[in-house]
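The block underneath contains the structure these notes are about, expressed in structure tokens.
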Amino acid sequence: MLLEGRRALVTGGSSGIGRATALRLGEEGARVAVNYRSERERADAEAVAARIDPAGARAYAVQADVRVEVEVVRMVEECRERLGGLDLLVNNAGIESQAPTLEMSLEVWEEVLRTNLTGAFLCLREAGRLMAAERRGVIINISSVHEFIPWPGYAHYCASKGGLKLLTETVAQEWAPLGIRVLAIAPGAIATRINSALLDDPEALREVEAEIPLGRLGQPEEIAAAVVWAASEEAAYLTGTTLVVDGGMSTYPRFS
Ligand code: BGC
């Protein structure tokens, strides 16, 4: 097991990449706080925690809307109380919506930026304070190939992921002397709910698959595997960078 005894927090852990990551961290021996946003996701998050440890000693579900500072502060404080600290934060909570920029309202812009970027900052800052006290820790920001590939109709999403890239790099420099590694993982198109419209549209799906050298969407477990490696001592020399896990998607001329 690569992460025996590590204390981890996964935001947005009730579904998709977050869920697969929480489960895999559990399999690797970590103790896991599975974050969810609202009552709607509670049962799913609890099911993830129960699958890691039905007895509840190694995993628990924790509510916090990452956009809300007091909720993030409370969630991380709870990690300190229940897990005794944090060795790993996976900043995974994220949303996506489509809106042509000429018609994009401030609300829609802010909704995406506050979840994907401000939420990641708040969790990173609070977890970083705990980690700094122990002079060890790893923070993994789940970004996207859209941290460097523009995507018409998704200016807010791309701005949030581009922001996450430089947040990652800057904080990696700041916190390296504290023994904290900060990096990003950039998934390509992954078969999760965020892509449900695509998964339900065979023609659009074929078009996207044709843009991916490996010829298929990725599975959430394939991102979780990258998280486990990046969090482990095997990756002790990795910080301030992005691992792109996209089936080769970003190598196509249309994207690069
Ligand atoms: C988005 C997906 C999209 C993929 C590749 C991801 O960041 O969430 O909706 O399919 O990038 O474009």
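Please note that chains go A, B, ... in the order of the structure tokens, that every chain numbers its residues from 1, and that ligands are numbered from 1 in the order shown.
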### Task
Determine, counting only C-alpha atoms, which protein, DNA and RNA residues have an atom within 7 Å of an atom of stretch 25-37 of chain A; residues of the same chain fewer than 5 positions away are not included. Present the result as a ChimeraX atom specification.
/A:1-14,42,45,49,52,58-65,228
Test item: residues no farther than 6 Å from ligand 1, counting only C-alpha atoms and all ligand atoms, as a tab-separated table (two decimals) with all heavy atoms, in the first residue's frame:
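What follows is the written file part17.tsv:
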chain	number	residue	atom	x	y	z
A	144	SER	N	-7.44	20.69	-15.35
A	144	SER	CA	-8.05	20.19	-16.59
A	144	SER	C	-7.08	20.47	-17.72
A	144	SER	O	-6.22	21.36	-17.59
A	144	SER	CB	-9.35	20.97	-16.86
A	144	SER	OG	-9.75	20.81	-18.21
A	145	VAL	N	-7.24	19.77	-18.82
A	145	VAL	CA	-6.46	20.18	-20.00
A	145	VAL	C	-6.78	21.63	-20.37
A	145	VAL	O	-6.00	22.30	-21.04
A	145	VAL	CB	-6.71	19.26	-21.23
A	145	VAL	CG1	-6.10	17.89	-21.03
A	145	VAL	CG2	-8.19	19.16	-21.57
A	146	HIS	N	-7.93	22.12	-19.87
A	146	HIS	CA	-8.29	23.52	-20.15
A	146	HIS	C	-7.57	24.50	-19.24
A	146	HIS	O	-7.92	25.67	-19.20
A	146	HIS	CB	-9.81	23.69	-20.12
A	146	HIS	CG	-10.46	22.86	-21.18
A	146	HIS	ND1	-10.22	23.07	-22.51
A	146	HIS	CD2	-11.24	21.75	-21.10
A	146	HIS	CE1	-10.86	22.15	-23.21
A	146	HIS	NE2	-11.48	21.33	-22.39
A	188	GLY	N	-8.16	14.90	-19.11
A	188	GLY	CA	-8.83	15.24	-20.36
A	188	GLY	C	-10.31	14.95	-20.21
A	188	GLY	O	-10.91	15.27	-19.18
A	189	ALA	N	-10.91	14.33	-21.21
A	189	ALA	CA	-12.34	14.01	-21.14
A	189	ALA	C	-12.50	12.68	-20.38
A	189	ALA	O	-12.01	11.65	-20.82
A	189	ALA	CB	-12.92	13.91	-22.54
A	194	ILE	N	-20.04	15.12	-15.25
A	194	ILE	CA	-19.78	16.43	-15.88
A	194	ILE	C	-19.87	16.31	-17.40
A	194	ILE	O	-20.17	17.28	-18.10
A	194	ILE	CB	-18.40	17.00	-15.42
A	194	ILE	CG1	-18.48	18.49	-15.13
A	194	ILE	CG2	-17.31	16.72	-16.43
A	194	ILE	CD1	-17.26	19.08	-14.42
A	195	ASN	N	-19.65	15.10	-17.91
A	195	ASN	CA	-19.73	14.86	-19.35
A	195	ASN	C	-20.98	14.07	-19.74
A	195	ASN	O	-21.00	13.42	-20.79
A	195	ASN	CB	-18.48	14.10	-19.81
A	195	ASN	CG	-17.32	15.05	-20.08
A	195	ASN	OD1	-17.50	16.07	-20.73
A	195	ASN	ND2	-16.15	14.73	-19.57
### Query
How would you write, as a ChimeraX atom specification, the set of residues in stretch 114-154 of chain A that DSSP gives as helix (DSSP H, G or I)?
/A:114-134,145-147
Write out, as a compact mmCIF listing (two decimals), in the first residue's frame, the residues just selected, with C-alpha atoms.
# COMPACT_ATOMS: atom_id res chain seq x y z
CA ARG A 114 -15.79 30.72 -6.86
CA THR A 115 -16.10 26.95 -6.88
CA ASN A 116 -13.17 26.01 -9.09
CA LEU A 117 -10.63 28.64 -8.08
CA THR A 118 -11.63 30.45 -4.87
CA GLY A 119 -12.82 27.17 -3.35
CA ALA A 120 -9.51 25.52 -4.20
CA PHE A 121 -7.64 28.48 -2.68
CA LEU A 122 -9.62 28.35 0.57
CA CYS A 123 -9.09 24.61 1.00
CA LEU A 124 -5.42 24.90 0.08
CA ARG A 125 -4.83 27.74 2.53
CA GLU A 126 -6.56 26.00 5.44
CA ALA A 127 -4.99 22.59 4.75
CA GLY A 128 -1.63 24.30 4.17
CA ARG A 129 -1.75 25.83 7.64
CA LEU A 130 -2.14 22.39 9.19
CA MET A 131 0.57 20.92 6.97
CA ALA A 132 2.99 23.78 7.63
CA ALA A 133 2.78 23.07 11.35
CA GLU A 134 4.01 19.53 10.67
CA VAL A 145 -6.46 20.18 -20.00
CA HIS A 146 -8.29 23.52 -20.15
CA GLU A 147 -5.66 25.02 -17.89
Near stretch 203-206 of chain A, 12 Å: stretch 169-198 of chain A residue rows, closest pairs, only C-alpha atoms, as a tab-separated table:
residue	atom	partner	partner_atom	distance
A:Ala189	CA	A:Leu205	CA	10.2
A:Ile190	CA	A:Leu205	CA	11.5
A:Ala191	CA	A:Leu205	CA	10.6
A:Asn195	CA	A:Leu205	CA	9.7
A:Ser196	CA	A:Leu205	CA	10.3
A:Ala197	CA	A:Ala204	CA	9.0
A:Leu198	CA	A:Leu205	CA	5.6
Only N, CA and C atoms, please: the residues just picked out, written as a compact mmCIF listing (two decimals), in the first residue's frame.
# COMPACT_ATOMS: atom_id res chain seq x y z
N ALA A 189 -10.91 14.33 -21.21
CA ALA A 189 -12.34 14.01 -21.14
C ALA A 189 -12.50 12.68 -20.38
N ILE A 190 -13.18 12.75 -19.26
CA ILE A 190 -13.34 11.59 -18.39
C ILE A 190 -14.82 11.22 -18.32
N ALA A 191 -15.11 9.95 -18.26
CA ALA A 191 -16.51 9.49 -18.23
C ALA A 191 -17.11 9.70 -16.84
N ASN A 195 -19.65 15.10 -17.91
CA ASN A 195 -19.73 14.86 -19.35
C ASN A 195 -20.98 14.07 -19.74
N SER A 196 -22.04 14.13 -18.93
CA SER A 196 -23.20 13.28 -19.20
C SER A 196 -23.86 13.63 -20.54
N ALA A 197 -23.89 14.93 -20.91
CA ALA A 197 -24.51 15.30 -22.19
C ALA A 197 -23.74 14.62 -23.33
N LEU A 198 -22.43 14.63 -23.21
CA LEU A 198 -21.58 14.01 -24.23
C LEU A 198 -21.80 12.49 -24.27
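Atom CA of A:Leu243 is positioned 14.0 Å from atom CA of A:Leu166.
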### Message
Run DSSP on the backbone and tell me which residues of stretch 90-247 of chain A come out as strand (DSSP E); list them as a ChimeraX atom specification.
### Response
/A:90-91,137-142,180-187,242-245
Could you turn the residues from that selection into a file that holds N, CA, C and O atoms, as a PDB file, in the first residue's frame?
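The result, written out as result_38.pdb:
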ATOM      1  N   VAL A  90      -6.841  16.750  -1.738  1.00  0.00           N
ATOM      2  CA  VAL A  90      -7.140  16.660  -3.167  1.00  0.00           C
ATOM      3  C   VAL A  90      -8.252  17.672  -3.446  1.00  0.00           C
ATOM      4  O   VAL A  90      -9.410  17.468  -3.064  1.00  0.00           O
ATOM      5  N   ASN A  91      -7.861  18.765  -4.070  1.00  0.00           N
ATOM      6  CA  ASN A  91      -8.799  19.838  -4.408  1.00  0.00           C
ATOM      7  C   ASN A  91      -9.515  19.448  -5.687  1.00  0.00           C
ATOM      8  O   ASN A  91      -9.079  19.769  -6.800  1.00  0.00           O
ATOM      9  N   GLY A 137       3.420  17.530   3.697  1.00  0.00           N
ATOM     10  CA  GLY A 137       2.087  17.452   3.105  1.00  0.00           C
ATOM     11  C   GLY A 137       2.145  17.535   1.587  1.00  0.00           C
ATOM     12  O   GLY A 137       3.157  17.932   1.002  1.00  0.00           O
ATOM     13  N   VAL A 138       1.031  17.117   0.996  1.00  0.00           N
ATOM     14  CA  VAL A 138       0.912  17.168  -0.463  1.00  0.00           C
ATOM     15  C   VAL A 138      -0.461  17.746  -0.806  1.00  0.00           C
ATOM     16  O   VAL A 138      -1.471  17.351  -0.213  1.00  0.00           O
ATOM     17  N   ILE A 139      -0.465  18.678  -1.735  1.00  0.00           N
ATOM     18  CA  ILE A 139      -1.733  19.236  -2.213  1.00  0.00           C
ATOM     19  C   ILE A 139      -1.823  18.975  -3.713  1.00  0.00           C
ATOM     20  O   ILE A 139      -0.899  19.306  -4.465  1.00  0.00           O
ATOM     21  N   ILE A 140      -2.920  18.349  -4.107  1.00  0.00           N
ATOM     22  CA  ILE A 140      -3.108  18.042  -5.525  1.00  0.00           C
ATOM     23  C   ILE A 140      -4.369  18.747  -6.012  1.00  0.00           C
ATOM     24  O   ILE A 140      -5.475  18.497  -5.520  1.00  0.00           O
ATOM     25  N   ASN A 141      -4.174  19.659  -6.942  1.00  0.00           N
ATOM     26  CA  ASN A 141      -5.300  20.381  -7.523  1.00  0.00           C
ATOM     27  C   ASN A 141      -5.736  19.680  -8.803  1.00  0.00           C
ATOM     28  O   ASN A 141      -4.923  19.502  -9.722  1.00  0.00           O
ATOM     29  N   ILE A 142      -6.977  19.274  -8.837  1.00  0.00           N
ATOM     30  CA  ILE A 142      -7.477  18.655 -10.071  1.00  0.00           C
ATOM     31  C   ILE A 142      -7.876  19.793 -11.015  1.00  0.00           C
ATOM     32  O   ILE A 142      -8.885  20.481 -10.792  1.00  0.00           O
ATOM     33  N   ILE A 180       6.035  21.095   1.864  1.00  0.00           N
ATOM     34  CA  ILE A 180       4.726  20.806   1.242  1.00  0.00           C
ATOM     35  C   ILE A 180       4.876  20.825  -0.281  1.00  0.00           C
ATOM     36  O   ILE A 180       5.343  21.813  -0.853  1.00  0.00           O
ATOM     37  N   ARG A 181       4.486  19.728  -0.920  1.00  0.00           N
ATOM     38  CA  ARG A 181       4.470  19.689  -2.380  1.00  0.00           C
ATOM     39  C   ARG A 181       3.090  20.106  -2.878  1.00  0.00           C
ATOM     40  O   ARG A 181       2.075  19.725  -2.291  1.00  0.00           O
ATOM     41  N   VAL A 182       3.063  20.898  -3.941  1.00  0.00           N
ATOM     42  CA  VAL A 182       1.788  21.354  -4.518  1.00  0.00           C
ATOM     43  C   VAL A 182       1.852  21.096  -6.013  1.00  0.00           C
ATOM     44  O   VAL A 182       2.764  21.554  -6.698  1.00  0.00           O
ATOM     45  N   LEU A 183       0.903  20.319  -6.515  1.00  0.00           N
ATOM     46  CA  LEU A 183       0.921  20.051  -7.945  1.00  0.00           C
ATOM     47  C   LEU A 183      -0.500  19.928  -8.494  1.00  0.00           C
ATOM     48  O   LEU A 183      -1.461  19.935  -7.727  1.00  0.00           O
ATOM     49  N   ALA A 184      -0.580  19.844  -9.799  1.00  0.00           N
ATOM     50  CA  ALA A 184      -1.901  19.726 -10.430  1.00  0.00           C
ATOM     51  C   ALA A 184      -1.949  18.466 -11.287  1.00  0.00           C
ATOM     52  O   ALA A 184      -0.929  18.011 -11.802  1.00  0.00           O
ATOM     53  N   ILE A 185      -3.137  17.925 -11.397  1.00  0.00           N
ATOM     54  CA  ILE A 185      -3.381  16.846 -12.354  1.00  0.00           C
ATOM     55  C   ILE A 185      -4.445  17.359 -13.317  1.00  0.00           C
ATOM     56  O   ILE A 185      -5.491  17.870 -12.884  1.00  0.00           O
ATOM     57  N   ALA A 186      -4.147  17.253 -14.602  1.00  0.00           N
ATOM     58  CA  ALA A 186      -5.053  17.786 -15.619  1.00  0.00           C
ATOM     59  C   ALA A 186      -5.710  16.641 -16.389  1.00  0.00           C
ATOM     60  O   ALA A 186      -5.094  16.074 -17.306  1.00  0.00           O
ATOM     61  N   PRO A 187      -6.921  16.280 -16.014  1.00  0.00           N
ATOM     62  CA  PRO A 187      -7.616  15.240 -16.787  1.00  0.00           C
ATOM     63  C   PRO A 187      -8.070  15.788 -18.140  1.00  0.00           C
ATOM     64  O   PRO A 187      -8.347  16.981 -18.289  1.00  0.00           O
ATOM     65  N   THR A 242       2.212  20.148 -13.588  1.00  0.00           N
ATOM     66  CA  THR A 242       0.932  19.509 -13.895  1.00  0.00           C
ATOM     67  C   THR A 242       1.173  18.182 -14.598  1.00  0.00           C
ATOM     68  O   THR A 242       1.936  18.121 -15.556  1.00  0.00           O
ATOM     69  N   LEU A 243       0.532  17.151 -14.080  1.00  0.00           N
ATOM     70  CA  LEU A 243       0.539  15.868 -14.789  1.00  0.00           C
ATOM     71  C   LEU A 243      -0.689  15.851 -15.682  1.00  0.00           C
ATOM     72  O   LEU A 243      -1.815  15.968 -15.196  1.00  0.00           O
ATOM     73  N   VAL A 244      -0.485  15.693 -16.972  1.00  0.00           N
ATOM     74  CA  VAL A 244      -1.620  15.682 -17.902  1.00  0.00           C
ATOM     75  C   VAL A 244      -2.013  14.224 -18.147  1.00  0.00           C
ATOM     76  O   VAL A 244      -1.193  13.417 -18.576  1.00  0.00           O
ATOM     77  N   VAL A 245      -3.268  13.914 -17.835  1.00  0.00           N
ATOM     78  CA  VAL A 245      -3.738  12.522 -17.971  1.00  0.00           C
ATOM     79  C   VAL A 245      -4.954  12.570 -18.907  1.00  0.00           C
ATOM     80  O   VAL A 245      -6.103  12.710 -18.467  1.00  0.00           O
TER      81      VAL A 245
END
### Task
For A:Gln98, list every protein, DNA or RNA residue within 9 Å, evaluated using only C-alpha atoms, and leave out those in the same chain fewer than 4 positions away; present the list as a count of residues only.
6
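Our summary of the geometry notes that atom CA of A:Arg193 is positioned 8.0 Å from atom CA of A:Ser15.
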